[in-house]
Amino acid sequence: MKKILRLDQLTTKLSRRAMLGGAATAAVAIVQTAQGKTVQESVSITELLPDDPTKKVGTLAGEVGTRSSFEKVVKKPSDISSRSPLQDFYGIITPSDLHFERHHAGVPVIDPTKHELLIHGLVDKPLVFTVADLKRFPSVSRIAFLECSGNFRTGKETMSPQDICGLTSQSEWTGVKLSTLFREVGVKPSASWFLAEGGDAAVMTRSIPVKKGWDDAIIAYAQNGEALRPEQGYPVRLFLPGWEGNTSVKWLRRIELGDAPWHTREETSKYTESIKGGKIRQFSFDIDARSIITFPAYPKTVERGWIEIRGLAWSGRGKVARVEVSTDAGKSWQLATLQDPILDKAHTAFRYLWNWNGAETEIMSRVTDETGYIQPTFAQLIEARGPDGGYHFNPIAAWQIKSDGRVLNRPER
Amino acid sequence: MTFWVNFLPDSPDEARKDDGLYTQKPVVVGDTLPAAFGFGRTATQAEIARLDIDVRPDGKGLPAGEGKPAIGKVIFAQKCAACHGVGGVGGPNGSLVTTNDPAKKRPDKTIGNYWPYATTVFDYIRRAMPFSEPGSLTNEEVYNLTAYLLHANGIIDEKAVINAQTLPKVTMPAQTLFVPDDRKGGPEIK
């Protein structure tokens with residue numbers, strides 16, 4: 001019998017009504033024939049979508065699972081980044097192929113059998129580790145978010161959570177603690193900073209305080225149960241929990257221990273923000289606490305009656321302590337329910353049941369983290385930093401609920 | 001991590017026969033980490049030198065060679081102006097040279113008004129530019145381009161020679177603007 005291995009190209013959205021006649025080509029698929037040959041051929045709607053799935057044997061077990069053809073969940077790419085579809089997610093783990101991307105000279109192809117990590121500088125023994133070497137060390141796993149510090153957009157009503165702050169994602173990261181490698185090379189007490197360098201065409205570098213390396217830095221080689229995705233630094237990356245994404249250098253090839261920061265391009269001319277008095281803030285590592293309602297949100301629409309408001313909250317400084325939701329444009333706030341697990345430096349899901357009476361209003365969420373930091377409004381951030389905006393902008397995001405059920409972003413300024 | 005033997009005796013009689021299986025303390029693996037695992041190999045000085053291309057503000061890491069603005073100007077026109085504009089102004093990938101264009105509400109962030117250290121110009125050009133041919137420039141070309149961009153921004157004289165000794169001594173206009181992050185969590189919005 002013929003076995004459909006993979007659908008390559010759907011001719012149109014799979015709808016029986018749109019496919020009157022049934023014999024039309026519904027998709028191009030990779031098919032294994034009864035003789036065991038693998039061929040590409042067109043598949044009819046009847047083969048793909050029978051009237052009654054209980055009356056036709058389905059696709060047999062395969063090597064790699066696929067997303068349902070009925071689901072269309074995609075990142076939104078620009079020239080330099082690609083944003084996660086936060087509004088389409090359930091729970092707290094970002095599917096690896098939908099993790100946001102940000103890189104400075106494209107995604108390199110790196111042969112893991114040739115890739116090495118050099119650690120040198122203020123150390124007793126400069127060492128080179130292959131990827132296989134790194135996997136021999138004691139391993140560690142943790143679930144944590146990764147967010148680009150340049151993760152705020154506004155200005156239009158027709159913006160989704162993906163548009164506003166899609167440069168955040170969450171995975172279970174597995175690797176070796178950097179402290180284990182620091183011990184192996186014998187980091188000298190005089191070392192106060194280290195340089196992390198990527199093996200991409202940007203050969204991207206960041207200076208990191210050595211303390212973070214001893215605290216909780218991970219040299220990660222796996223993400224959500226499998227090897228890192230190339231877009232996430234395959235075969236090895238630095239992962240710094242709670243810190244701005246750019247510091248978690250991907251395709252990591254070198255770590256140098258030193259006694260001062262290097263002031264690389266990415267920590268001077270980029271990833272710094274204007275603050276009051278004409279000053280520029282540098283080495284802003286921590287991600288401030290933030291939340292966003294991901295449902296209801298543009299482009300979805302709602303109906304009068306019970307609505308479960310859902311969203312994500314996180315902090316680079318620890319756990320989410322509470323999330324409050326307002327359904328009256330910020331006049332009053334109610335506690336949302338937090339979904340376990342509530343992890344350190346991790347996206348945490350919240351929900352709030354709301355009975356909408358059909359009247360026009362605005363809904364929004366704000367998070368408080370365990371340090372007592374309360375997510376600010378856009379106006380509070382401008383008041384604190386001056387008018388330039390820039391990196392580390394984490395304002396409360398409000399959704400306008402129109403009386404016809406449309407949900408629109410409320411643009412700031 | 002803690003490992004327990006995870007079963008209990010079925011009866012009091014069996015419990016009396018306990019040989020320490022149930023009462024012994026859990027072993028904490030973290031306490032038994034060796035000083036070193038012996039994985040990886042020693043890096044040679046040659047391979048460190050091949051990869052160690054970074055440059056610090058104090059000049060550590062700068063190679064031999066030198067550059068002059070006039071020579072850098074020619075290289076810039078050939079290899080950089082398509083992305084960064086003629087004379088380093090405009091262009092699809094951003095201005096590098098400060099202008100005082102009154103039509104602009106906010107001036108572009110450039111080397112002249114936003115970069116705190118001149119050494120970063122050398123380091124970044126050498127490691128990542130030109131975008132379409134990264135890592136293709138010689139040290140001499142990088143010195144020349146660095147000299148040109150510093151001169152175009154009005155920071156050094158057109159006759160200045162930029163090398164490992166002179167580059168760290170260049171004071172950038174923006175250097176005094178930079179302050180380290182002092183956010184500490186808690187209720188304050190900064």
# chains A, B, ... in the order shown; residues from 1 in each chain; ligands from 1
>>> residues_around(residues="Tyr352 of chain A", least_positions_apart="4", cutoff="12 Å", atoms="only C-alpha atoms", output="list in words")
Ile293, Thr294, Phe295, Pro296, Trp306, Ile307, Glu308, Ile309, Arg310, Gly311, Leu312, Val323, Glu324, Val325, Ser326, Thr327, Trp333, Gln334, Leu335, Ala336, Thr337, Leu338, Gln339, Ile363, Met364 and Ser365 of chain A
>>> write_last_selection(atoms="N, CA and C atoms", output="PDB file, in the first residue's frame")
ATOM      1  N   ILE A 293      -0.730  39.878  27.282  1.00  0.00           N
ATOM      2  CA  ILE A 293      -1.895  39.031  27.007  1.00  0.00           C
ATOM      3  C   ILE A 293      -1.753  38.524  25.569  1.00  0.00           C
ATOM      4  N   THR A 294      -1.750  37.207  25.430  1.00  0.00           N
ATOM      5  CA  THR A 294      -1.622  36.624  24.090  1.00  0.00           C
ATOM      6  C   THR A 294      -2.975  36.180  23.522  1.00  0.00           C
ATOM      7  N   PHE A 295      -3.994  36.123  24.397  1.00  0.00           N
ATOM      8  CA  PHE A 295      -5.378  35.906  23.964  1.00  0.00           C
ATOM      9  C   PHE A 295      -6.314  36.570  24.940  1.00  0.00           C
ATOM     10  N   PRO A 296      -7.302  37.361  24.527  1.00  0.00           N
ATOM     11  CA  PRO A 296      -7.523  37.736  23.130  1.00  0.00           C
ATOM     12  C   PRO A 296      -6.557  38.841  22.711  1.00  0.00           C
ATOM     13  N   TRP A 306     -18.230  34.584  28.340  1.00  0.00           N
ATOM     14  CA  TRP A 306     -17.006  34.208  29.042  1.00  0.00           C
ATOM     15  C   TRP A 306     -15.807  34.124  28.102  1.00  0.00           C
ATOM     16  N   ILE A 307     -14.738  34.757  28.522  1.00  0.00           N
ATOM     17  CA  ILE A 307     -13.486  34.737  27.767  1.00  0.00           C
ATOM     18  C   ILE A 307     -12.372  34.389  28.747  1.00  0.00           C
ATOM     19  N   GLU A 308     -11.574  33.374  28.436  1.00  0.00           N
ATOM     20  CA  GLU A 308     -10.387  33.139  29.261  1.00  0.00           C
ATOM     21  C   GLU A 308      -9.248  33.979  28.696  1.00  0.00           C
ATOM     22  N   ILE A 309      -8.885  35.028  29.435  1.00  0.00           N
ATOM     23  CA  ILE A 309      -7.734  35.851  29.055  1.00  0.00           C
ATOM     24  C   ILE A 309      -6.484  35.054  29.390  1.00  0.00           C
ATOM     25  N   ARG A 310      -5.572  34.939  28.414  1.00  0.00           N
ATOM     26  CA  ARG A 310      -4.351  34.131  28.613  1.00  0.00           C
ATOM     27  C   ARG A 310      -3.130  34.935  28.239  1.00  0.00           C
ATOM     28  N   GLY A 311      -2.045  34.650  28.894  1.00  0.00           N
ATOM     29  CA  GLY A 311      -0.822  35.368  28.542  1.00  0.00           C
ATOM     30  C   GLY A 311       0.412  34.753  29.148  1.00  0.00           C
ATOM     31  N   LEU A 312       1.536  35.445  28.919  1.00  0.00           N
ATOM     32  CA  LEU A 312       2.837  35.021  29.428  1.00  0.00           C
ATOM     33  C   LEU A 312       3.443  36.159  30.244  1.00  0.00           C
ATOM     34  N   VAL A 323       0.707  38.216  38.624  1.00  0.00           N
ATOM     35  CA  VAL A 323       0.274  38.926  37.430  1.00  0.00           C
ATOM     36  C   VAL A 323      -1.105  39.477  37.713  1.00  0.00           C
ATOM     37  N   GLU A 324      -1.312  40.734  37.375  1.00  0.00           N
ATOM     38  CA  GLU A 324      -2.623  41.347  37.521  1.00  0.00           C
ATOM     39  C   GLU A 324      -3.172  41.670  36.135  1.00  0.00           C
ATOM     40  N   VAL A 325      -4.488  41.564  36.017  1.00  0.00           N
ATOM     41  CA  VAL A 325      -5.162  41.853  34.751  1.00  0.00           C
ATOM     42  C   VAL A 325      -6.177  42.959  34.992  1.00  0.00           C
ATOM     43  N   SER A 326      -6.244  43.887  34.069  1.00  0.00           N
ATOM     44  CA  SER A 326      -7.283  44.912  34.112  1.00  0.00           C
ATOM     45  C   SER A 326      -8.173  44.749  32.883  1.00  0.00           C
ATOM     46  N   THR A 327      -9.484  44.809  33.103  1.00  0.00           N
ATOM     47  CA  THR A 327     -10.419  44.741  31.972  1.00  0.00           C
ATOM     48  C   THR A 327     -11.161  46.067  31.815  1.00  0.00           C
ATOM     49  N   TRP A 333      -7.487  46.448  38.957  1.00  0.00           N
ATOM     50  CA  TRP A 333      -6.673  45.284  38.608  1.00  0.00           C
ATOM     51  C   TRP A 333      -7.081  44.087  39.454  1.00  0.00           C
ATOM     52  N   GLN A 334      -7.130  42.900  38.838  1.00  0.00           N
ATOM     53  CA  GLN A 334      -7.445  41.674  39.561  1.00  0.00           C
ATOM     54  C   GLN A 334      -6.302  40.682  39.383  1.00  0.00           C
ATOM     55  N   LEU A 335      -6.119  39.825  40.377  1.00  0.00           N
ATOM     56  CA  LEU A 335      -5.055  38.823  40.293  1.00  0.00           C
ATOM     57  C   LEU A 335      -5.389  37.763  39.251  1.00  0.00           C
ATOM     58  N   ALA A 336      -4.433  37.448  38.424  1.00  0.00           N
ATOM     59  CA  ALA A 336      -4.586  36.339  37.480  1.00  0.00           C
ATOM     60  C   ALA A 336      -4.110  35.059  38.148  1.00  0.00           C
ATOM     61  N   THR A 337      -4.566  33.915  37.622  1.00  0.00           N
ATOM     62  CA  THR A 337      -4.086  32.615  38.105  1.00  0.00           C
ATOM     63  C   THR A 337      -2.786  32.284  37.394  1.00  0.00           C
ATOM     64  N   LEU A 338      -1.770  31.892  38.168  1.00  0.00           N
ATOM     65  CA  LEU A 338      -0.505  31.489  37.550  1.00  0.00           C
ATOM     66  C   LEU A 338      -0.509  29.973  37.367  1.00  0.00           C
ATOM     67  N   GLN A 339      -0.050  29.531  36.218  1.00  0.00           N
ATOM     68  CA  GLN A 339      -0.001  28.103  35.919  1.00  0.00           C
ATOM     69  C   GLN A 339       1.364  27.551  36.332  1.00  0.00           C
ATOM     70  N   ILE A 363      -8.101  45.850  27.699  1.00  0.00           N
ATOM     71  CA  ILE A 363      -7.595  44.862  28.658  1.00  0.00           C
ATOM     72  C   ILE A 363      -6.073  44.886  28.626  1.00  0.00           C
ATOM     73  N   MET A 364      -5.463  44.592  29.764  1.00  0.00           N
ATOM     74  CA  MET A 364      -3.999  44.619  29.850  1.00  0.00           C
ATOM     75  C   MET A 364      -3.544  43.817  31.061  1.00  0.00           C
ATOM     76  N   SER A 365      -2.260  43.459  31.064  1.00  0.00           N
ATOM     77  CA  SER A 365      -1.702  42.706  32.185  1.00  0.00           C
ATOM     78  C   SER A 365      -0.445  43.413  32.681  1.00  0.00           C
TER      79      SER A 365
END
>>> residues_around(residues="segment 221-232 of chain A", least_positions_apart="5", cutoff="7 Å", atoms="only C-alpha atoms", output="MDAnalysis selection string")
chainID A and resid 96 101 107 171:175 237 250
>>> closest_residue(among="A:Ala398, A:Val187, A:Pro53, A:Glu303", to="Asp328 of chain A", atoms="only C-alpha atoms")
A:Ala398
>>> select_by_dssp(residues="segment 53-126 of chain B", states="helix (DSSP H, G or I)", output="ChimeraX atom specification")
/B:69-79,81-84,86-88,111-114,119-126
>>> interface_residues(of="chain B", to="chain A", cutoff="6 Å", atoms="only C-alpha atoms", output="mmCIF file with all heavy atoms, in the first residue's frame")
data_model
loop_
_atom_site.group_PDB
_atom_site.id
_atom_site.type_symbol
_atom_site.label_atom_id
_atom_site.label_comp_id
_atom_site.auth_asym_id
_atom_site.auth_seq_id
_atom_site.Cartn_x
_atom_site.Cartn_y
_atom_site.Cartn_z
ATOM 1 N N ALA B 36 39.613 18.063 38.229
ATOM 2 C CA ALA B 36 39.588 18.187 36.768
ATOM 3 C C ALA B 36 39.177 16.850 36.183
ATOM 4 O O ALA B 36 39.445 15.803 36.771
ATOM 5 C CB ALA B 36 40.956 18.610 36.245
ATOM 6 N N PHE B 39 39.253 16.144 30.300
ATOM 7 C CA PHE B 39 38.704 16.153 28.928
ATOM 8 C C PHE B 39 39.271 17.349 28.179
ATOM 9 O O PHE B 39 39.614 18.362 28.765
ATOM 10 C CB PHE B 39 37.180 16.253 28.955
ATOM 11 C CG PHE B 39 36.483 15.184 29.753
ATOM 12 C CD1 PHE B 39 35.198 15.403 30.238
ATOM 13 C CD2 PHE B 39 37.102 13.962 30.010
ATOM 14 C CE1 PHE B 39 34.535 14.422 30.977
ATOM 15 C CE2 PHE B 39 36.446 12.984 30.751
ATOM 16 C CZ PHE B 39 35.160 13.218 31.232
ATOM 17 N N GLY B 40 39.292 17.264 26.859
ATOM 18 C CA GLY B 40 39.838 18.353 26.043
ATOM 19 C C GLY B 40 41.346 18.190 25.909
ATOM 20 O O GLY B 40 41.959 17.321 26.525
ATOM 21 N N ARG B 41 41.919 19.033 25.061
ATOM 22 C CA ARG B 41 43.375 18.973 24.870
ATOM 23 C C ARG B 41 43.976 20.359 25.078
ATOM 24 O O ARG B 41 43.275 21.372 24.967
ATOM 25 C CB ARG B 41 43.716 18.442 23.483
ATOM 26 C CG ARG B 41 43.217 19.319 22.361
ATOM 27 C CD ARG B 41 43.634 18.811 20.974
ATOM 28 N NE ARG B 41 42.944 19.573 19.940
ATOM 29 C CZ ARG B 41 43.323 20.787 19.547
ATOM 30 N NH1 ARG B 41 44.391 21.365 20.080
ATOM 31 N NH2 ARG B 41 42.640 21.434 18.615
ATOM 32 N N THR B 42 45.270 20.382 25.360
ATOM 33 C CA THR B 42 45.946 21.654 25.588
ATOM 34 C C THR B 42 45.991 22.462 24.297
ATOM 35 O O THR B 42 46.319 21.927 23.237
ATOM 36 C CB THR B 42 47.384 21.389 26.086
ATOM 37 O OG1 THR B 42 47.286 20.592 27.269
ATOM 38 C CG2 THR B 42 48.105 22.681 26.413
ATOM 39 N N ALA B 43 45.672 23.750 24.403
ATOM 40 C CA ALA B 43 45.723 24.625 23.228
ATOM 41 C C ALA B 43 47.166 25.050 22.977
ATOM 42 O O ALA B 43 47.880 25.402 23.919
ATOM 43 C CB ALA B 43 44.844 25.854 23.465
ATOM 44 N N ARG B 56 41.359 45.415 22.627
ATOM 45 C CA ARG B 56 40.767 46.121 23.766
ATOM 46 C C ARG B 56 41.052 47.619 23.678
ATOM 47 O O ARG B 56 41.966 48.041 22.971
ATOM 48 C CB ARG B 56 41.342 45.587 25.086
ATOM 49 C CG ARG B 56 40.985 44.172 25.385
ATOM 50 C CD ARG B 56 41.098 43.835 26.865
ATOM 51 N NE ARG B 56 42.286 44.354 27.551
ATOM 52 C CZ ARG B 56 42.706 43.900 28.733
ATOM 53 N NH1 ARG B 56 42.059 42.916 29.327
ATOM 54 N NH2 ARG B 56 43.763 44.425 29.320
ATOM 55 N N TRP B 115 30.204 56.128 19.472
ATOM 56 C CA TRP B 115 31.146 55.045 19.794
ATOM 57 C C TRP B 115 32.128 55.527 20.862
ATOM 58 O O TRP B 115 32.820 56.531 20.659
ATOM 59 C CB TRP B 115 31.904 54.595 18.537
ATOM 60 C CG TRP B 115 31.056 53.830 17.557
ATOM 61 C CD1 TRP B 115 29.822 54.177 17.090
ATOM 62 C CD2 TRP B 115 31.392 52.586 16.916
ATOM 63 N NE1 TRP B 115 29.364 53.227 16.199
ATOM 64 C CE2 TRP B 115 30.310 52.250 16.078
ATOM 65 C CE3 TRP B 115 32.496 51.730 16.966
ATOM 66 C CZ2 TRP B 115 30.309 51.090 15.292
ATOM 67 C CZ3 TRP B 115 32.499 50.578 16.185
ATOM 68 C CH2 TRP B 115 31.412 50.258 15.369
ATOM 69 N N THR B 120 37.392 49.898 19.005
ATOM 70 C CA THR B 120 36.250 49.079 18.582
ATOM 71 C C THR B 120 36.049 49.172 17.069
ATOM 72 O O THR B 120 35.600 48.212 16.436
ATOM 73 C CB THR B 120 34.972 49.543 19.317
ATOM 74 O OG1 THR B 120 35.249 49.644 20.713
ATOM 75 C CG2 THR B 120 33.837 48.564 19.103
ATOM 76 N N ALA B 128 34.228 41.611 10.954
ATOM 77 C CA ALA B 128 32.914 41.382 10.334
ATOM 78 C C ALA B 128 32.655 42.111 9.021
ATOM 79 O O ALA B 128 31.623 41.902 8.403
ATOM 80 C CB ALA B 128 31.821 41.760 11.330
ATOM 81 N N LEU B 177 29.930 59.812 27.855
ATOM 82 C CA LEU B 177 28.478 59.642 27.978
ATOM 83 C C LEU B 177 28.099 58.281 28.564
ATOM 84 O O LEU B 177 26.998 58.097 29.077
ATOM 85 C CB LEU B 177 27.805 59.802 26.607
ATOM 86 C CG LEU B 177 28.073 61.101 25.851
ATOM 87 C CD1 LEU B 177 27.344 61.088 24.508
ATOM 88 C CD2 LEU B 177 27.638 62.305 26.677
ATOM 89 N N PHE B 178 29.011 57.310 28.466
ATOM 90 C CA PHE B 178 28.650 55.935 28.825
ATOM 91 C C PHE B 178 28.722 55.703 30.329
ATOM 92 O O PHE B 178 29.701 56.059 30.978
ATOM 93 C CB PHE B 178 29.559 54.942 28.083
ATOM 94 C CG PHE B 178 29.110 54.696 26.671
ATOM 95 C CD1 PHE B 178 29.341 55.638 25.669
ATOM 96 C CD2 PHE B 178 28.429 53.536 26.329
ATOM 97 C CE1 PHE B 178 28.910 55.431 24.375
ATOM 98 C CE2 PHE B 178 27.998 53.318 25.029
ATOM 99 C CZ PHE B 178 28.233 54.266 24.046
ATOM 100 N N VAL B 179 27.640 55.112 30.872
ATOM 101 C CA VAL B 179 27.607 54.761 32.288
ATOM 102 C C VAL B 179 27.166 53.301 32.396
ATOM 103 O O VAL B 179 26.361 52.827 31.597
ATOM 104 C CB VAL B 179 26.624 55.656 33.081
ATOM 105 C CG1 VAL B 179 27.139 57.095 33.121
ATOM 106 C CG2 VAL B 179 25.223 55.612 32.490
ATOM 107 N N PRO B 180 27.722 52.583 33.387
ATOM 108 C CA PRO B 180 27.300 51.185 33.524
ATOM 109 C C PRO B 180 25.876 51.093 34.070
ATOM 110 O O PRO B 180 25.401 52.001 34.761
ATOM 111 C CB PRO B 180 28.312 50.602 34.510
ATOM 112 C CG PRO B 180 28.862 51.774 35.254
ATOM 113 C CD PRO B 180 28.771 52.955 34.341
ATOM 114 N N ASP B 181 25.221 49.980 33.753
ATOM 115 C CA ASP B 181 23.861 49.715 34.233
ATOM 116 C C ASP B 181 23.834 49.723 35.758
ATOM 117 O O ASP B 181 24.682 49.100 36.394
ATOM 118 C CB ASP B 181 23.431 48.343 33.700
ATOM 119 C CG ASP B 181 22.005 47.988 34.092
ATOM 120 O OD1 ASP B 181 21.217 48.906 34.392
ATOM 121 O OD2 ASP B 181 21.692 46.785 34.079
ATOM 122 N N GLY B 185 16.686 45.725 40.212
ATOM 123 C CA GLY B 185 15.440 45.084 40.604
ATOM 124 C C GLY B 185 14.773 45.910 41.693
ATOM 125 O O GLY B 185 15.208 47.014 41.999
ATOM 126 N N GLY B 186 13.712 45.375 42.286
ATOM 127 C CA GLY B 186 12.976 46.166 43.272
ATOM 128 C C GLY B 186 12.038 47.123 42.572
ATOM 129 O O GLY B 186 11.935 47.116 41.343
ATOM 130 N N PRO B 187 11.354 47.951 43.335
ATOM 131 C CA PRO B 187 10.252 48.740 42.766
ATOM 132 C C PRO B 187 10.676 49.875 41.834
ATOM 133 O O PRO B 187 9.849 50.393 41.095
ATOM 134 C CB PRO B 187 9.537 49.298 44.010
ATOM 135 C CG PRO B 187 10.481 49.153 45.135
ATOM 136 C CD PRO B 187 11.443 48.062 44.803
ATOM 137 N N LYS B 190 13.886 52.195 36.170
ATOM 138 C CA LYS B 190 15.065 52.943 35.707
ATOM 139 C C LYS B 190 15.259 52.715 34.218
ATOM 140 O O LYS B 190 14.998 51.664 33.713
ATOM 141 C CB LYS B 190 16.319 52.479 36.451
ATOM 142 C CG LYS B 190 16.278 52.801 37.930
ATOM 143 C CD LYS B 190 17.614 52.572 38.574
ATOM 144 C CE LYS B 190 18.422 53.847 38.581
ATOM 145 N NZ LYS B 190 19.615 53.754 39.441
#
>>> residues_around(residues="segment 90-100 of chain B", least_positions_apart="3", cutoff="9 Å", atoms="only C-alpha atoms", output="count of residues only")
21
>>> closest_residue(among="A:Gly199, A:Arg142, A:Leu98, A:Arg153", to="Lys114 of chain A", atoms="only C-alpha atoms")
A:Gly199
>>> select_by_dssp(residues="segment 69-289 of chain A", states="strand (DSSP E)", output="ChimeraX atom specification")
/A:76-77,81-83,101-102,116-121,127-130,140-147,168-177,193-198,205-209,218-223,226-227,237-239,252-258,273-274,280-282
>>> write_last_selection(atoms="C-alpha atoms", output="short mmCIF file (atom, residue, chain, number, x, y, z; two decimals), in the first residue's frame")
data_model
loop_
_atom_site.label_atom_id
_atom_site.label_comp_id
_atom_site.auth_asym_id
_atom_site.auth_seq_id
_atom_site.Cartn_x
_atom_site.Cartn_y
_atom_site.Cartn_z
CA LYS A 76 7.62 36.50 10.95
CA PRO A 77 10.99 37.24 9.36
CA SER A 81 15.37 38.70 12.81
CA SER A 82 12.33 36.45 12.87
CA ARG A 83 9.64 36.78 15.50
CA GLU A 101 15.88 34.26 15.44
CA ARG A 102 18.29 37.14 15.62
CA GLU A 116 35.95 23.31 18.75
CA LEU A 117 35.67 25.62 21.75
CA LEU A 118 38.92 27.30 22.85
CA ILE A 119 39.18 28.69 26.40
CA HIS A 120 42.28 30.80 27.06
CA GLY A 121 43.55 34.06 28.55
CA LEU A 127 42.22 24.04 26.56
CA VAL A 128 40.39 23.12 23.38
CA PHE A 129 37.17 21.10 23.64
CA THR A 130 35.46 19.26 20.84
CA VAL A 140 22.64 20.30 33.35
CA SER A 141 19.18 21.20 32.00
CA ARG A 142 16.98 24.15 32.75
CA ILE A 143 13.86 25.73 31.31
CA ALA A 144 14.39 29.45 30.80
CA PHE A 145 13.33 32.21 28.45
CA LEU A 146 15.61 33.94 25.99
CA GLU A 147 14.62 37.47 24.98
CA THR A 168 11.17 36.11 23.19
CA SER A 169 10.97 32.32 23.35
CA GLN A 170 11.47 29.55 25.87
CA SER A 171 13.23 26.20 25.73
CA GLU A 172 14.68 23.53 27.91
CA TRP A 173 18.41 24.05 27.42
CA THR A 174 20.90 21.26 28.10
CA GLY A 175 24.65 21.49 28.26
CA VAL A 176 27.61 21.76 30.60
CA LYS A 177 27.84 24.44 33.27
CA TRP A 193 35.49 39.51 32.53
CA PHE A 194 35.38 36.99 29.71
CA LEU A 195 34.90 37.47 26.01
CA ALA A 196 32.51 35.09 24.25
CA GLU A 197 33.02 34.80 20.49
CA GLY A 198 30.80 33.18 17.87
CA THR A 205 31.64 39.05 20.57
CA ARG A 206 30.34 40.14 23.97
CA SER A 207 32.15 40.83 27.26
CA ILE A 208 30.58 39.06 30.25
CA PRO A 209 31.46 39.42 33.94
CA ILE A 218 25.54 27.07 30.45
CA ILE A 219 27.45 25.96 27.38
CA ALA A 220 24.37 24.51 25.69
CA TYR A 221 24.39 21.83 23.03
CA ALA A 222 20.74 20.81 23.19
CA GLN A 223 17.33 22.42 23.13
CA GLU A 226 17.49 17.38 20.69
CA ALA A 227 20.61 19.10 19.38
CA ARG A 237 26.10 28.26 22.29
CA LEU A 238 26.49 30.23 25.47
CA PHE A 239 23.25 30.49 27.45
CA LEU A 252 30.45 29.61 20.34
CA ARG A 253 34.06 29.03 19.31
CA ARG A 254 36.15 30.92 21.86
CA ILE A 255 36.13 32.20 25.43
CA GLU A 256 38.95 34.47 26.60
CA LEU A 257 39.38 35.35 30.28
CA GLY A 258 40.58 38.91 30.94
CA GLU A 273 20.27 52.73 25.60
CA SER A 274 19.91 56.47 26.05
CA ILE A 280 24.08 56.09 27.53
CA ARG A 281 23.57 52.99 29.68
CA GLN A 282 25.95 50.12 28.97
#
>>> residues_around(residues="Glu158 of chain B", least_positions_apart="6", cutoff="8 Å", atoms="only C-alpha atoms", output="number ranges by chain")
B: 68-70, 151
>>> write_last_selection(atoms="N, CA and C atoms", output="PDB file, in the first residue's frame")
ATOM      1  N   LYS B  68      46.372  55.525   7.070  1.00  0.00           N
ATOM      2  CA  LYS B  68      46.207  56.973   6.932  1.00  0.00           C
ATOM      3  C   LYS B  68      44.844  57.277   6.321  1.00  0.00           C
ATOM      4  N   PRO B  69      44.238  58.404   6.727  1.00  0.00           N
ATOM      5  CA  PRO B  69      42.893  58.742   6.223  1.00  0.00           C
ATOM      6  C   PRO B  69      42.808  58.782   4.697  1.00  0.00           C
ATOM      7  N   ALA B  70      43.802  59.355   4.028  1.00  0.00           N
ATOM      8  CA  ALA B  70      43.703  59.511   2.570  1.00  0.00           C
ATOM      9  C   ALA B  70      43.628  58.156   1.861  1.00  0.00           C
ATOM     10  N   HIS B 151      38.925  60.339  10.875  1.00  0.00           N
ATOM     11  CA  HIS B 151      39.120  61.675  10.300  1.00  0.00           C
ATOM     12  C   HIS B 151      37.797  62.257   9.776  1.00  0.00           C
TER      13      HIS B 151
END
>>> residues_around(residues="segment 298-302 of chain A", least_positions_apart="6", cutoff="8 Å", atoms="only C-alpha atoms", output="number ranges by chain")
A: 158-161, 399, 405-409
>>> closest_residue(among="A:Gln162, A:Gly330, A:Lys55, A:His392", to="Val73 of chain A", atoms="only C-alpha atoms")
A:Gln162
